[in-house]
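Accompanying notes for the structure given below.
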There are 2 protein chains.
Amino acid sequence: MDRIPILRIGEMLLVSIQVDLQDHTALMLQDDLSNRIVETGAKGVLIDISALEIVDSFIGRMISTTAAVSRVLDAETVVVGMQPAVAITLVELGLTLSGVRTALDVDRGLRMLRDSVEIPVVGRGVSPDDGRAD
Amino acid sequence: MDRIPILRIGEMLLVSIQVDLQDHTALMLQDDLSNRIVETGAKGVLIDISALEIVDSFIGRMISTTAAVSRVLDAETVVVGMQPAVAITLVELGLTLSGVRTALDVDRGLRMLRDSVEIPVVGRGVSPDDGRAD
C-alpha cells in the first residue's frame, strides 16, 4: 500500500496523508495528483495532514511543489488539519509553506476553495428604477 | 501514526483507510468514530477503502460493526472505492458486508447519503390555478 488515494469531492480533490512519505511515494503522489487534476478538471486540492505528527523539510518541500504544480494546472491548494505542534515546529525551523493556504479542517478548506473558485457574476446589474413617471 | 483521521465534510464524516488495520487500530477507529458522530451530530459515515488491496474477514467484520454502531447513533454508513479484485474476493469468500451500502467513489457516496438524509418537505403544495375567471 504505497499509493495515497486521491478522493474526488465535487470539483475538489482530497488527499489525506497518513503514512510516512518516502521519496517514491511522494513522487507518485505528485504524478497521480497532476493526472487527476487534468482528468477531472478539479479547481482545488485539499491536502489533509492531520495524521502527521512531524512535518520536516522534505514534506514541506513536497507540499510546496505539489501546490506549484497544481497552480499551473489551474487548481488551488489548501493544507488542512495541521496539528498545533507541527505549526510550532514549522515556524521554529523557518519552513514556510510558500504559496500554500491553510485551513483548520476539511470542511473549512472546502468552503475556502469554493468561495475562491466561484465565478463572480458580471453584467447582471438591474438598472435602478428612478421613479420618474415619464 | 496509528490513528486513522476522521474528516468532517458538512454533515458527513469521511474515513480513508490506507494502512493495514491491526486489532488496536481498528478498535481505536471505532471508538474515535462513535465519539465524532456524537460530537458533530453527523448523519452519515463514508469509509473509503480504495487503498486496500485485500479485505479479509477481520476488516469485513470491522466495517460491519462500525456500520452497526453508527446506525445506533443515527448515522448511515457507505463504503466507497472498493477495488474490483476486492469485490470478487469478498463474494468468493462469502463475506457480505451486512447492513452496509456501497458506492463507487466518495462523490457518489456523499450524494447517496445526502439523498437519504434529506428530510422530505411536506405540506408545501401550491393549489393549482384552474383558470376560471370567477
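A note on labels: chains of the C-alpha cells are A, B, ... as shown, every chain counts residues from 1, and ligands are counted from 1 in their shown order.
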
Handout entry: Expected answer as a ChimeraX atom specification: chain B residues within 12 Å of chain A, only C-alpha atoms
Key = /B:1-21,46-54,80-83,104-111

Output for the residues just chosen: N, CA and C atoms as a short mmCIF file (atom, residue, chain, number, x, y, z; two decimals), in the first residue's frame:
data_model
loop_
_atom_site.label_atom_id
_atom_site.label_comp_id
_atom_site.auth_asym_id
_atom_site.auth_seq_id
_atom_site.Cartn_x
_atom_site.Cartn_y
_atom_site.Cartn_z
N MET B 1 2.15 6.72 13.89
CA MET B 1 0.92 7.08 13.20
C MET B 1 -0.04 5.91 13.17
N ASP B 2 -0.73 5.68 14.27
CA ASP B 2 -1.64 4.54 14.28
C ASP B 2 -3.08 4.96 14.46
N ARG B 3 -3.32 6.26 14.27
CA ARG B 3 -4.68 6.77 14.39
C ARG B 3 -5.15 7.17 13.01
N ILE B 4 -6.29 6.64 12.61
CA ILE B 4 -6.81 6.97 11.29
C ILE B 4 -7.65 8.24 11.41
N PRO B 5 -7.30 9.29 10.64
CA PRO B 5 -8.03 10.55 10.79
C PRO B 5 -9.47 10.45 10.30
N ILE B 6 -10.34 11.15 10.99
CA ILE B 6 -11.75 11.21 10.62
C ILE B 6 -12.03 12.63 10.16
N LEU B 7 -12.40 12.78 8.90
CA LEU B 7 -12.55 14.10 8.31
C LEU B 7 -14.01 14.47 8.19
N ARG B 8 -14.33 15.69 8.59
CA ARG B 8 -15.71 16.13 8.51
C ARG B 8 -15.97 16.86 7.20
N ILE B 9 -17.01 16.45 6.50
CA ILE B 9 -17.44 17.15 5.29
C ILE B 9 -18.91 17.45 5.46
N GLY B 10 -19.21 18.67 5.83
CA GLY B 10 -20.61 19.03 6.09
C GLY B 10 -21.18 18.17 7.19
N GLU B 11 -22.27 17.46 6.86
CA GLU B 11 -22.93 16.62 7.87
C GLU B 11 -22.38 15.20 7.87
N MET B 12 -21.35 14.96 7.04
CA MET B 12 -20.84 13.60 6.93
C MET B 12 -19.43 13.49 7.50
N LEU B 13 -19.04 12.28 7.82
CA LEU B 13 -17.67 12.01 8.25
C LEU B 13 -17.03 11.08 7.23
N LEU B 14 -15.76 11.35 6.93
CA LEU B 14 -15.05 10.52 5.96
C LEU B 14 -13.84 9.88 6.62
N VAL B 15 -13.76 8.56 6.44
CA VAL B 15 -12.61 7.82 6.95
C VAL B 15 -11.95 7.14 5.77
N SER B 16 -10.68 7.45 5.54
CA SER B 16 -9.96 6.82 4.44
C SER B 16 -8.95 5.84 5.04
N ILE B 17 -9.20 4.56 4.81
CA ILE B 17 -8.31 3.55 5.39
C ILE B 17 -7.17 3.26 4.42
N GLN B 18 -5.96 3.57 4.87
CA GLN B 18 -4.80 3.41 3.98
C GLN B 18 -3.77 2.46 4.54
N VAL B 19 -3.94 2.09 5.80
CA VAL B 19 -2.93 1.24 6.42
C VAL B 19 -3.54 -0.12 6.74
N ASP B 20 -2.67 -1.12 6.90
CA ASP B 20 -3.15 -2.42 7.33
C ASP B 20 -3.72 -2.27 8.74
N LEU B 21 -4.97 -2.64 8.89
CA LEU B 21 -5.62 -2.48 10.19
C LEU B 21 -5.18 -3.57 11.15
N LEU B 46 -18.70 7.89 5.61
CA LEU B 46 -18.14 7.30 4.39
C LEU B 46 -16.84 6.60 4.75
N ILE B 47 -16.73 5.32 4.40
CA ILE B 47 -15.47 4.62 4.64
C ILE B 47 -14.84 4.33 3.28
N ASP B 48 -13.71 4.99 3.02
CA ASP B 48 -13.03 4.82 1.74
C ASP B 48 -12.01 3.70 1.86
N ILE B 49 -12.16 2.66 1.02
CA ILE B 49 -11.20 1.55 1.08
C ILE B 49 -10.46 1.40 -0.25
N SER B 50 -10.36 2.52 -1.00
CA SER B 50 -9.72 2.43 -2.32
C SER B 50 -8.24 2.06 -2.24
N ALA B 51 -7.63 2.29 -1.08
CA ALA B 51 -6.21 1.95 -0.95
C ALA B 51 -6.00 0.49 -0.54
N LEU B 52 -7.08 -0.19 -0.16
CA LEU B 52 -6.94 -1.57 0.30
C LEU B 52 -6.96 -2.55 -0.88
N GLU B 53 -5.94 -3.40 -0.92
CA GLU B 53 -5.90 -4.42 -1.97
C GLU B 53 -6.45 -5.74 -1.47
N ILE B 54 -6.56 -5.86 -0.17
CA ILE B 54 -7.09 -7.08 0.43
C ILE B 54 -8.10 -6.69 1.51
N VAL B 80 -16.99 3.17 0.19
CA VAL B 80 -16.72 3.64 -1.17
C VAL B 80 -15.33 3.23 -1.65
N GLY B 81 -15.18 3.18 -2.96
CA GLY B 81 -13.88 2.98 -3.58
C GLY B 81 -13.36 1.55 -3.58
N MET B 82 -14.27 0.58 -3.44
CA MET B 82 -13.80 -0.81 -3.42
C MET B 82 -13.19 -1.21 -4.76
N GLN B 83 -12.01 -1.79 -4.72
CA GLN B 83 -11.37 -2.23 -5.96
C GLN B 83 -12.09 -3.48 -6.48
N LEU B 104 -19.43 3.77 -5.75
CA LEU B 104 -18.18 3.67 -6.49
C LEU B 104 -17.09 4.59 -5.96
N ASP B 105 -17.46 5.83 -5.65
CA ASP B 105 -16.45 6.76 -5.15
C ASP B 105 -17.05 7.71 -4.11
N VAL B 106 -16.20 8.52 -3.52
CA VAL B 106 -16.62 9.41 -2.44
C VAL B 106 -17.76 10.34 -2.90
N ASP B 107 -17.62 10.84 -4.12
CA ASP B 107 -18.61 11.77 -4.65
C ASP B 107 -20.00 11.13 -4.68
N ARG B 108 -20.08 9.92 -5.24
CA ARG B 108 -21.38 9.24 -5.31
C ARG B 108 -21.88 8.85 -3.93
N GLY B 109 -20.94 8.44 -3.07
CA GLY B 109 -21.31 8.08 -1.70
C GLY B 109 -21.92 9.27 -0.96
N LEU B 110 -21.29 10.44 -1.14
CA LEU B 110 -21.79 11.66 -0.50
C LEU B 110 -23.20 11.97 -0.98
N ARG B 111 -23.39 11.83 -2.32
CA ARG B 111 -24.70 12.13 -2.89
C ARG B 111 -25.75 11.15 -2.34
#

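When DSSP reads the backbone of this structure, the residues of chain A it assigns to strand (DSSP E) are Ile6, Leu7, Arg8, Ile9, Met12, Leu13, Leu14, Val15, Ser16, Gly44, Val45, Leu46, Ile47, Asp48, Glu76, Thr77, Val78, Val79, Val80, Arg101, Thr102 and Ala103 of chain A.
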
Exercise for the section: Apply DSSP to the backbone of this structure and, from chain A, keep only the residues in helix (DSSP H, G or I); write these as a VMD selection string. Expected result: chain A and resid 23 to 40 57 to 72 84 to 93 106 to 117

Please, could you write that set of residues out with C-alpha atoms as a PDB file, in the first residue's frame?
ATOM      1  CA  ASP A  23      10.776   9.696  -1.911  1.00  0.00           C
ATOM      2  CA  HIS A  24       8.987   7.413  -4.336  1.00  0.00           C
ATOM      3  CA  THR A  25       5.604   7.708  -2.557  1.00  0.00           C
ATOM      4  CA  ALA A  26       5.865  11.488  -2.764  1.00  0.00           C
ATOM      5  CA  LEU A  27       6.828  11.415  -6.435  1.00  0.00           C
ATOM      6  CA  MET A  28       3.995   9.011  -7.221  1.00  0.00           C
ATOM      7  CA  LEU A  29       1.549  11.234  -5.355  1.00  0.00           C
ATOM      8  CA  GLN A  30       2.612  14.292  -7.356  1.00  0.00           C
ATOM      9  CA  ASP A  31       2.272  12.302 -10.562  1.00  0.00           C
ATOM     10  CA  ASP A  32      -1.138  10.854  -9.657  1.00  0.00           C
ATOM     11  CA  LEU A  33      -2.405  14.201  -8.438  1.00  0.00           C
ATOM     12  CA  SER A  34      -1.478  16.156 -11.552  1.00  0.00           C
ATOM     13  CA  ASN A  35      -3.045  13.437 -13.704  1.00  0.00           C
ATOM     14  CA  ARG A  36      -6.248  13.539 -11.673  1.00  0.00           C
ATOM     15  CA  ILE A  37      -6.432  17.337 -11.886  1.00  0.00           C
ATOM     16  CA  VAL A  38      -6.245  17.129 -15.667  1.00  0.00           C
ATOM     17  CA  GLU A  39      -8.711  14.203 -15.894  1.00  0.00           C
ATOM     18  CA  THR A  40     -11.315  15.710 -13.611  1.00  0.00           C
ATOM     19  CA  SER A  57      11.727  19.990   5.250  1.00  0.00           C
ATOM     20  CA  PHE A  58      11.170  17.079   2.856  1.00  0.00           C
ATOM     21  CA  ILE A  59       7.398  17.015   3.382  1.00  0.00           C
ATOM     22  CA  GLY A  60       7.297  20.812   3.440  1.00  0.00           C
ATOM     23  CA  ARG A  61       9.029  20.990   0.072  1.00  0.00           C
ATOM     24  CA  MET A  62       6.799  18.241  -1.301  1.00  0.00           C
ATOM     25  CA  ILE A  63       3.682  20.209  -0.314  1.00  0.00           C
ATOM     26  CA  SER A  64       5.047  23.424  -1.840  1.00  0.00           C
ATOM     27  CA  THR A  65       5.953  21.668  -5.099  1.00  0.00           C
ATOM     28  CA  THR A  66       2.558  19.975  -5.286  1.00  0.00           C
ATOM     29  CA  ALA A  67       0.862  23.340  -4.784  1.00  0.00           C
ATOM     30  CA  ALA A  68       3.025  24.925  -7.503  1.00  0.00           C
ATOM     31  CA  VAL A  69       2.241  22.142  -9.994  1.00  0.00           C
ATOM     32  CA  SER A  70      -1.477  22.347  -9.167  1.00  0.00           C
ATOM     33  CA  ARG A  71      -1.450  26.111  -9.673  1.00  0.00           C
ATOM     34  CA  VAL A  72      -0.009  25.689 -13.156  1.00  0.00           C
ATOM     35  CA  PRO A  84      -0.543  22.720  16.692  1.00  0.00           C
ATOM     36  CA  ALA A  85       2.837  21.084  17.425  1.00  0.00           C
ATOM     37  CA  VAL A  86       3.515  20.821  13.692  1.00  0.00           C
ATOM     38  CA  ALA A  87       2.740  24.516  13.201  1.00  0.00           C
ATOM     39  CA  ILE A  88       5.158  25.430  16.010  1.00  0.00           C
ATOM     40  CA  THR A  89       7.916  23.244  14.570  1.00  0.00           C
ATOM     41  CA  LEU A  90       7.429  24.675  11.088  1.00  0.00           C
ATOM     42  CA  VAL A  91       7.877  28.203  12.375  1.00  0.00           C
ATOM     43  CA  GLU A  92      10.834  27.248  14.569  1.00  0.00           C
ATOM     44  CA  LEU A  93      12.542  25.571  11.628  1.00  0.00           C
ATOM     45  CA  VAL A 106     -11.519  19.784   5.612  1.00  0.00           C
ATOM     46  CA  ASP A 107     -14.865  21.495   5.966  1.00  0.00           C
ATOM     47  CA  ARG A 108     -13.355  24.994   6.202  1.00  0.00           C
ATOM     48  CA  GLY A 109     -10.853  24.177   3.477  1.00  0.00           C
ATOM     49  CA  LEU A 110     -13.647  23.110   1.141  1.00  0.00           C
ATOM     50  CA  ARG A 111     -15.550  26.297   1.860  1.00  0.00           C
ATOM     51  CA  MET A 112     -12.418  28.393   1.293  1.00  0.00           C
ATOM     52  CA  LEU A 113     -11.819  26.716  -2.062  1.00  0.00           C
ATOM     53  CA  ARG A 114     -15.451  27.007  -3.137  1.00  0.00           C
ATOM     54  CA  ASP A 115     -15.500  30.715  -2.268  1.00  0.00           C
ATOM     55  CA  SER A 116     -12.362  31.429  -4.261  1.00  0.00           C
ATOM     56  CA  VAL A 117     -13.427  29.274  -7.213  1.00  0.00           C
TER      57      VAL A 117
END

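Across the model, the gap from CA of Gln22 in chain A to CA of Arg101 in chain A is 23.6 Å.
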
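Of note, CA of Glu118 in chain A and CA of Glu76 in chain A are spaced 12.4 Å apart.
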
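Rounded to one decimal, CA of Leu95 in chain B and CA of Val55 in chain B lie 9.5 Å from each other.
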